[in-house]
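Worksheet: the structure to be examined is printed underneath.
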Amino acid sequence: MKNLLMVADSEHDANMLYAVGMFVPDPFIYLRIRGRELIVMNDLEIDRARHEAPHCRVLSLSHYQQKLRREGEKSTGLARVARSILREHRVSKVFVPATFPYGLALELRDLGVRIKPRKDAFFPEREEKSADEVKKISAALMMAEVGLAEAMQALKSAKIGKNRRLVYHNAPLTAEKLRSIINTAVIQASGLANHTIVAGGEQACDPHEQGHGTLRANEPIILDVFPRSQKTGYFGDITRTVVKGRASEGVRKLYETVFRAQKTAFQLVRAGTPTARIHKTVQTFFAREGYKTGKIEGRMQGFFHGTGHGLGLEVHETPRLNATSTGVLKAGHVVTVEPGLYYPELGGVRIEDVALVTGKNPRNLTQFEKVLEI
């Protein structure tokens, strides 16, 4: 088993959170030496770490800093502390993540520690989710569903004013207002929602446009909600496309085609399926239905993003379901399935659910209804 070293905080680094299972806002040392996990914590965090990370041996940062001072070291930074622990265990070479801080790597090398970035995933086992992880992702999905439900209720209550502008509680219903309704509901459900997408009309044709300005009736509005659980750090991710009022025939057909594409993709989501094959199947389906993809009048239109991605402690993680992805799906993978079509004259449509891969039919972890017109 490879000896591993990480220096990061677990608020932002998914590998560190996976390793220790607790949120720590400042960078700290994690080591796996001959299969045993060690973490080095400051006095503020040490007692909590012993309680919340019982699988790790918790070492005192201040103890090692005092030891270094007694040995005559002027600097007692994390690099020297890590070297001191490695020397105690007679280890001179460690593998680090590809994202390991460059300056820290240089300092460790100057101290005689051989550093080697791990080419593959730092924790390959992160890809295949345990039953407990699936529960955590499902809980985060419920937070997204709570937010979506509030958005749907606001759209139902909204009136259609002049020039198809939506009015809610006697004020314009803007993308910003609807996003705040979603995000507030997510927070109340113990989640954190960042960059929630509420994009109507032509804005929705840029899949990562968050949306702004007054929403309008009779045109598609994409709602993409991907909250993070405040308790566990796991993400949910759901997208629905709705129309307040009446959808045109072109939008109805667009929606129905995306809906069918998602069903087609779901049929392939099972252990052993090449990830690129799922994406290629969706591309072929859209082309066969007459929906072309490419640059039209200087703008990408059609289906020009991946069909899905892994979901867990990061909102986008492996495996990827796109044209360049490699490998096959495995039982325990949790992936989004989110085909979409985007044409400025019609608007954008995307539908996204989350699937747990099994040896047979996938389990759809998303419960939220799919309705076009509100």
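By convention in this document, the chains of the structure tokens carry letters A, B, ... by their order, each chain's residues are numbered from 1, and ligands are numbered from 1 in the order they are shown.
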Please identify the helix (DSSP H, G or I) residues within region 98-285 of chain A (assignment by DSSP from backbone atoms) and present them as a PyMOL selection string. chain A and resi 102-110+124-126+131-157+162-164+175-188+201-205+249-266+275-285
Per DSSP on the backbone, what are the strand (DSSP E) residues of region 79-207 of chain A, as a list in words? Lys93, Val94, Phe95, Val96, Arg114, Ile115, Lys116, Pro117, Lys159, Ile160, Leu166, Val167, Tyr168, Ala171, Pro172, Gly191, Leu192, Ile197, Val198, Ala199 and Gly200 of chain A
Just the selected residues (N, CA, C and O atoms), exported as a PDB file, in the first residue's frame, please.
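Saved result, out-v6.pdb, follows:
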ATOM      1  N   LYS A  93       9.694   8.567   1.191  1.00  0.00           N
ATOM      2  CA  LYS A  93       8.985   8.822  -0.064  1.00  0.00           C
ATOM      3  C   LYS A  93       7.480   8.742   0.176  1.00  0.00           C
ATOM      4  O   LYS A  93       6.996   7.798   0.815  1.00  0.00           O
ATOM      5  N   VAL A  94       6.746   9.733  -0.328  1.00  0.00           N
ATOM      6  CA  VAL A  94       5.287   9.741  -0.185  1.00  0.00           C
ATOM      7  C   VAL A  94       4.644  10.163  -1.503  1.00  0.00           C
ATOM      8  O   VAL A  94       5.238  10.903  -2.295  1.00  0.00           O
ATOM      9  N   PHE A  95       3.434   9.674  -1.705  1.00  0.00           N
ATOM     10  CA  PHE A  95       2.628  10.096  -2.842  1.00  0.00           C
ATOM     11  C   PHE A  95       1.695  11.215  -2.382  1.00  0.00           C
ATOM     12  O   PHE A  95       1.152  11.172  -1.268  1.00  0.00           O
ATOM     13  N   VAL A  96       1.522  12.203  -3.238  1.00  0.00           N
ATOM     14  CA  VAL A  96       0.661  13.348  -2.926  1.00  0.00           C
ATOM     15  C   VAL A  96      -0.352  13.525  -4.048  1.00  0.00           C
ATOM     16  O   VAL A  96      -0.164  13.017  -5.160  1.00  0.00           O
ATOM     17  N   ARG A 114      11.092  12.684  -0.562  1.00  0.00           N
ATOM     18  CA  ARG A 114      10.792  12.465  -1.978  1.00  0.00           C
ATOM     19  C   ARG A 114       9.275  12.515  -2.187  1.00  0.00           C
ATOM     20  O   ARG A 114       8.529  11.763  -1.577  1.00  0.00           O
ATOM     21  N   ILE A 115       8.861  13.426  -3.067  1.00  0.00           N
ATOM     22  CA  ILE A 115       7.439  13.661  -3.340  1.00  0.00           C
ATOM     23  C   ILE A 115       7.113  13.151  -4.730  1.00  0.00           C
ATOM     24  O   ILE A 115       7.811  13.465  -5.693  1.00  0.00           O
ATOM     25  N   LYS A 116       6.031  12.378  -4.830  1.00  0.00           N
ATOM     26  CA  LYS A 116       5.608  11.906  -6.148  1.00  0.00           C
ATOM     27  C   LYS A 116       4.104  12.111  -6.287  1.00  0.00           C
ATOM     28  O   LYS A 116       3.320  11.543  -5.518  1.00  0.00           O
ATOM     29  N   PRO A 117       3.670  12.943  -7.242  1.00  0.00           N
ATOM     30  CA  PRO A 117       2.223  13.111  -7.458  1.00  0.00           C
ATOM     31  C   PRO A 117       1.594  11.804  -7.928  1.00  0.00           C
ATOM     32  O   PRO A 117       2.169  11.102  -8.772  1.00  0.00           O
ATOM     33  N   LYS A 159     -48.438  36.003 -11.405  1.00  0.00           N
ATOM     34  CA  LYS A 159     -49.387  36.478 -12.411  1.00  0.00           C
ATOM     35  C   LYS A 159     -48.622  36.862 -13.679  1.00  0.00           C
ATOM     36  O   LYS A 159     -47.433  37.166 -13.627  1.00  0.00           O
ATOM     37  N   ILE A 160     -49.323  36.856 -14.778  1.00  0.00           N
ATOM     38  CA  ILE A 160     -48.720  37.258 -16.050  1.00  0.00           C
ATOM     39  C   ILE A 160     -49.121  38.691 -16.343  1.00  0.00           C
ATOM     40  O   ILE A 160     -50.309  38.999 -16.499  1.00  0.00           O
ATOM     41  N   LEU A 166     -43.585  38.232 -15.563  1.00  0.00           N
ATOM     42  CA  LEU A 166     -44.192  37.589 -14.405  1.00  0.00           C
ATOM     43  C   LEU A 166     -44.158  38.528 -13.200  1.00  0.00           C
ATOM     44  O   LEU A 166     -43.171  39.238 -12.966  1.00  0.00           O
ATOM     45  N   VAL A 167     -45.267  38.508 -12.454  1.00  0.00           N
ATOM     46  CA  VAL A 167     -45.416  39.362 -11.274  1.00  0.00           C
ATOM     47  C   VAL A 167     -45.700  38.471 -10.074  1.00  0.00           C
ATOM     48  O   VAL A 167     -46.580  37.599 -10.121  1.00  0.00           O
ATOM     49  N   TYR A 168     -44.973  38.709  -8.990  1.00  0.00           N
ATOM     50  CA  TYR A 168     -45.113  37.892  -7.787  1.00  0.00           C
ATOM     51  C   TYR A 168     -45.202  38.813  -6.574  1.00  0.00           C
ATOM     52  O   TYR A 168     -44.318  39.631  -6.346  1.00  0.00           O
ATOM     53  N   ALA A 171     -44.775  42.476  -7.378  1.00  0.00           N
ATOM     54  CA  ALA A 171     -43.456  42.942  -7.827  1.00  0.00           C
ATOM     55  C   ALA A 171     -42.982  42.020  -8.948  1.00  0.00           C
ATOM     56  O   ALA A 171     -43.411  40.861  -9.043  1.00  0.00           O
ATOM     57  N   PRO A 172     -42.106  42.525  -9.825  1.00  0.00           N
ATOM     58  CA  PRO A 172     -41.598  41.656 -10.891  1.00  0.00           C
ATOM     59  C   PRO A 172     -40.936  40.406 -10.311  1.00  0.00           C
ATOM     60  O   PRO A 172     -40.170  40.498  -9.345  1.00  0.00           O
ATOM     61  N   GLY A 191     -28.954  22.744   3.837  1.00  0.00           N
ATOM     62  CA  GLY A 191     -28.045  22.697   2.703  1.00  0.00           C
ATOM     63  C   GLY A 191     -27.466  24.058   2.399  1.00  0.00           C
ATOM     64  O   GLY A 191     -27.883  25.076   2.965  1.00  0.00           O
ATOM     65  N   LEU A 192     -26.488  24.082   1.520  1.00  0.00           N
ATOM     66  CA  LEU A 192     -25.920  25.322   1.008  1.00  0.00           C
ATOM     67  C   LEU A 192     -26.032  25.294  -0.506  1.00  0.00           C
ATOM     68  O   LEU A 192     -25.558  24.346  -1.142  1.00  0.00           O
ATOM     69  N   ILE A 197     -29.004  27.974 -10.782  1.00  0.00           N
ATOM     70  CA  ILE A 197     -29.363  28.500 -12.099  1.00  0.00           C
ATOM     71  C   ILE A 197     -30.870  28.694 -12.206  1.00  0.00           C
ATOM     72  O   ILE A 197     -31.653  27.763 -11.965  1.00  0.00           O
ATOM     73  N   VAL A 198     -31.264  29.918 -12.530  1.00  0.00           N
ATOM     74  CA  VAL A 198     -32.648  30.245 -12.881  1.00  0.00           C
ATOM     75  C   VAL A 198     -32.552  31.071 -14.156  1.00  0.00           C
ATOM     76  O   VAL A 198     -32.404  32.294 -14.113  1.00  0.00           O
ATOM     77  N   ALA A 199     -32.602  30.409 -15.284  1.00  0.00           N
ATOM     78  CA  ALA A 199     -32.329  31.069 -16.566  1.00  0.00           C
ATOM     79  C   ALA A 199     -33.502  30.884 -17.514  1.00  0.00           C
ATOM     80  O   ALA A 199     -33.875  29.762 -17.838  1.00  0.00           O
ATOM     81  N   GLY A 200     -34.082  31.987 -17.945  1.00  0.00           N
ATOM     82  CA  GLY A 200     -35.243  31.928 -18.831  1.00  0.00           C
ATOM     83  C   GLY A 200     -34.929  32.377 -20.239  1.00  0.00           C
ATOM     84  O   GLY A 200     -33.979  33.138 -20.477  1.00  0.00           O
TER      85      GLY A 200
END
Could you pull the residues within 12 Å of His51 (chain A), counting only C-alpha atoms, minus those fewer than 6 positions along the same chain, as a ChimeraX atom specification? /A:20-22,45,57-58
Take CA of Leu31 (chain A) and CA of Asn3 (chain A) and report the distance between them in Å, one decimal. 7.4 Å
Residue contacts of Gly308 (chain A) (7 Å, only C-alpha atoms) excluding same-chain residues fewer than 2 positions away, as a list of chain:residue names: A:Gly306, A:Arg320, A:Leu321, A:Val335, A:Thr336, A:Val337, A:Glu338
Could the residues in this selection be written to a file with N, CA, C and O atoms, as an mmCIF file, in the first residue's frame?
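So the final result, stored in part.cif, reads:
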data_model
loop_
_atom_site.group_PDB
_atom_site.id
_atom_site.type_symbol
_atom_site.label_atom_id
_atom_site.label_comp_id
_atom_site.auth_asym_id
_atom_site.auth_seq_id
_atom_site.Cartn_x
_atom_site.Cartn_y
_atom_site.Cartn_z
ATOM 1 N N GLY A 306 -21.694 17.506 -21.821
ATOM 2 C CA GLY A 306 -21.726 16.088 -21.509
ATOM 3 C C GLY A 306 -23.104 15.620 -21.074
ATOM 4 O O GLY A 306 -23.955 16.409 -20.656
ATOM 5 N N ARG A 320 -17.038 10.634 -15.816
ATOM 6 C CA ARG A 320 -17.712 11.593 -16.702
ATOM 7 C C ARG A 320 -18.402 10.828 -17.824
ATOM 8 O O ARG A 320 -17.883 9.823 -18.303
ATOM 9 N N LEU A 321 -19.540 11.336 -18.246
ATOM 10 C CA LEU A 321 -20.268 10.755 -19.373
ATOM 11 C C LEU A 321 -20.239 11.772 -20.504
ATOM 12 O O LEU A 321 -21.147 12.589 -20.675
ATOM 13 N N VAL A 335 -24.198 8.858 -10.795
ATOM 14 C CA VAL A 335 -23.980 9.783 -11.913
ATOM 15 C C VAL A 335 -25.252 10.560 -12.224
ATOM 16 O O VAL A 335 -26.361 10.082 -12.017
ATOM 17 N N THR A 336 -25.057 11.779 -12.719
ATOM 18 C CA THR A 336 -26.187 12.535 -13.237
ATOM 19 C C THR A 336 -26.469 12.098 -14.671
ATOM 20 O O THR A 336 -25.574 11.623 -15.377
ATOM 21 N N VAL A 337 -27.713 12.251 -15.088
ATOM 22 C CA VAL A 337 -28.108 12.023 -16.480
ATOM 23 C C VAL A 337 -28.870 13.276 -16.893
ATOM 24 O O VAL A 337 -30.003 13.489 -16.463
ATOM 25 N N GLU A 338 -28.244 14.122 -17.714
ATOM 26 C CA GLU A 338 -28.780 15.463 -17.950
ATOM 27 C C GLU A 338 -28.619 15.948 -19.395
ATOM 28 O O GLU A 338 -27.919 16.929 -19.657
#
Residues within 9 Å of Ala265 (chain A), please, as a short mmCIF file (atom, residue, chain, number, x, y, z; two decimals) with N, CA, C and O atoms, in the first residue's frame. Count only C-alpha atoms; anything in the same chain fewer than 3 positions from it doesn't count.
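Saved file part-v5.cif follows:
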data_model
loop_
_atom_site.label_atom_id
_atom_site.label_comp_id
_atom_site.auth_asym_id
_atom_site.auth_seq_id
_atom_site.Cartn_x
_atom_site.Cartn_y
_atom_site.Cartn_z
N ARG A 260 -37.25 12.11 -23.77
CA ARG A 260 -37.01 10.78 -24.36
C ARG A 260 -35.53 10.44 -24.40
O ARG A 260 -35.14 9.28 -24.20
N ALA A 261 -34.68 11.45 -24.65
CA ALA A 261 -33.23 11.23 -24.65
C ALA A 261 -32.76 10.78 -23.28
O ALA A 261 -31.91 9.89 -23.16
N GLN A 262 -33.32 11.40 -22.24
CA GLN A 262 -32.93 11.00 -20.89
C GLN A 262 -33.35 9.55 -20.60
O GLN A 262 -32.59 8.78 -20.02
N LEU A 268 -29.10 2.67 -20.55
CA LEU A 268 -27.71 2.23 -20.69
C LEU A 268 -26.91 2.36 -19.40
O LEU A 268 -25.77 1.89 -19.33
N VAL A 269 -27.49 3.01 -18.40
CA VAL A 269 -26.77 3.25 -17.15
C VAL A 269 -26.79 1.98 -16.30
O VAL A 269 -27.69 1.76 -15.50
N ILE A 278 -22.75 6.05 -23.70
CA ILE A 278 -24.01 6.69 -23.27
C ILE A 278 -24.14 8.05 -23.93
O ILE A 278 -25.20 8.40 -24.47
N HIS A 279 -23.05 8.82 -23.89
CA HIS A 279 -23.08 10.15 -24.50
C HIS A 279 -23.30 10.07 -26.01
O HIS A 279 -24.11 10.82 -26.57
N THR A 281 -24.78 7.79 -27.68
CA THR A 281 -26.16 7.37 -27.95
C THR A 281 -27.10 8.56 -27.91
O THR A 281 -28.00 8.70 -28.75
N VAL A 282 -26.91 9.45 -26.93
CA VAL A 282 -27.75 10.65 -26.83
C VAL A 282 -27.50 11.57 -28.02
O VAL A 282 -28.45 12.11 -28.62
N THR A 307 -23.31 14.31 -21.16
CA THR A 307 -24.59 13.73 -20.74
C THR A 307 -24.67 13.62 -19.23
O THR A 307 -25.77 13.61 -18.66
N VAL A 337 -27.71 12.25 -15.09
CA VAL A 337 -28.11 12.02 -16.48
C VAL A 337 -28.87 13.28 -16.89
O VAL A 337 -30.00 13.49 -16.46
N PRO A 339 -29.27 15.29 -20.34
CA PRO A 339 -29.22 15.81 -21.72
C PRO A 339 -29.94 17.15 -21.82
O PRO A 339 -30.80 17.48 -20.99
#
Can you work out which one of A:Asn361, A:Pro207, A:Ile374, A:Thr241 has the shortest atom-to-atom distance to Ala154 (chain A), counting only C-alpha atoms? A:Ile374
Contact residues around Gly112 (chain A) with only C-alpha atoms at 9 Å, ignoring same-chain residues under 4 positions, as a PyMOL selection string: chain A and resi 83+92+107-108
Taking only C-alpha atoms into account, produce a table as CSV in which each residue of region 225-275 of chain A with an atom at most 7 Å from an atom of region 313-319 of chain A appears once, together with its shortest atom pair and the distance in Å to one decimal, ordered by chain and rising number.
residue,atom,partner,partner_atom,distance
A:Gly233,CA,A:Leu313,CA,5.9
A:Tyr234,CA,A:Leu313,CA,4.5
A:Phe235,CA,A:Val315,CA,5.8
Write to file, as a PDB file, in the first residue's frame, the residues of the selection just made, with C-alpha atoms.
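Writing done, so here's again.pdb:
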ATOM      1  CA  GLY A 233     -20.453  17.785   2.454  1.00  0.00           C
ATOM      2  CA  TYR A 234     -22.180  15.602  -0.150  1.00  0.00           C
ATOM      3  CA  PHE A 235     -23.946  17.215  -3.116  1.00  0.00           C
TER       4      PHE A 235
END
From the list A:Ser130, A:Thr264, A:Ser180, A:Gln65, the nearest residue to Val334 (chain A) using only C-alpha atoms is A:Ser130
Distance of CA of Ala53 (chain A) from CA of Ala98 (chain A), expressed in Å to one decimal place: 24.3 Å
Within 9 Å of Phe286 (chain A), counting only C-alpha atoms, which residues qualify if same-chain residues fewer than 5 places away don't, as a ChimeraX atom specification? /A:257-258,261,281,291-293,302-303,341
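Comparing A:Leu5, A:Ala140, A:Thr174, A:Pro344 by their smallest distance to Glu297 (chain A), the closest is A:Pro344 (using only C-alpha atoms).
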Distance CA of Gly211 (chain A)-CA of Lys263 (chain A), one decimal place?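 Interatomic distance here is 27.3 Å.
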With only C-alpha atoms as the atoms that count, which of A:Asn163, A:Thr239, A:Asn15, A:Asn42 lies nearest to Phe122 (chain A)?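 Among the listed residues, A:Asn15 lies closest to Phe122 (chain A).
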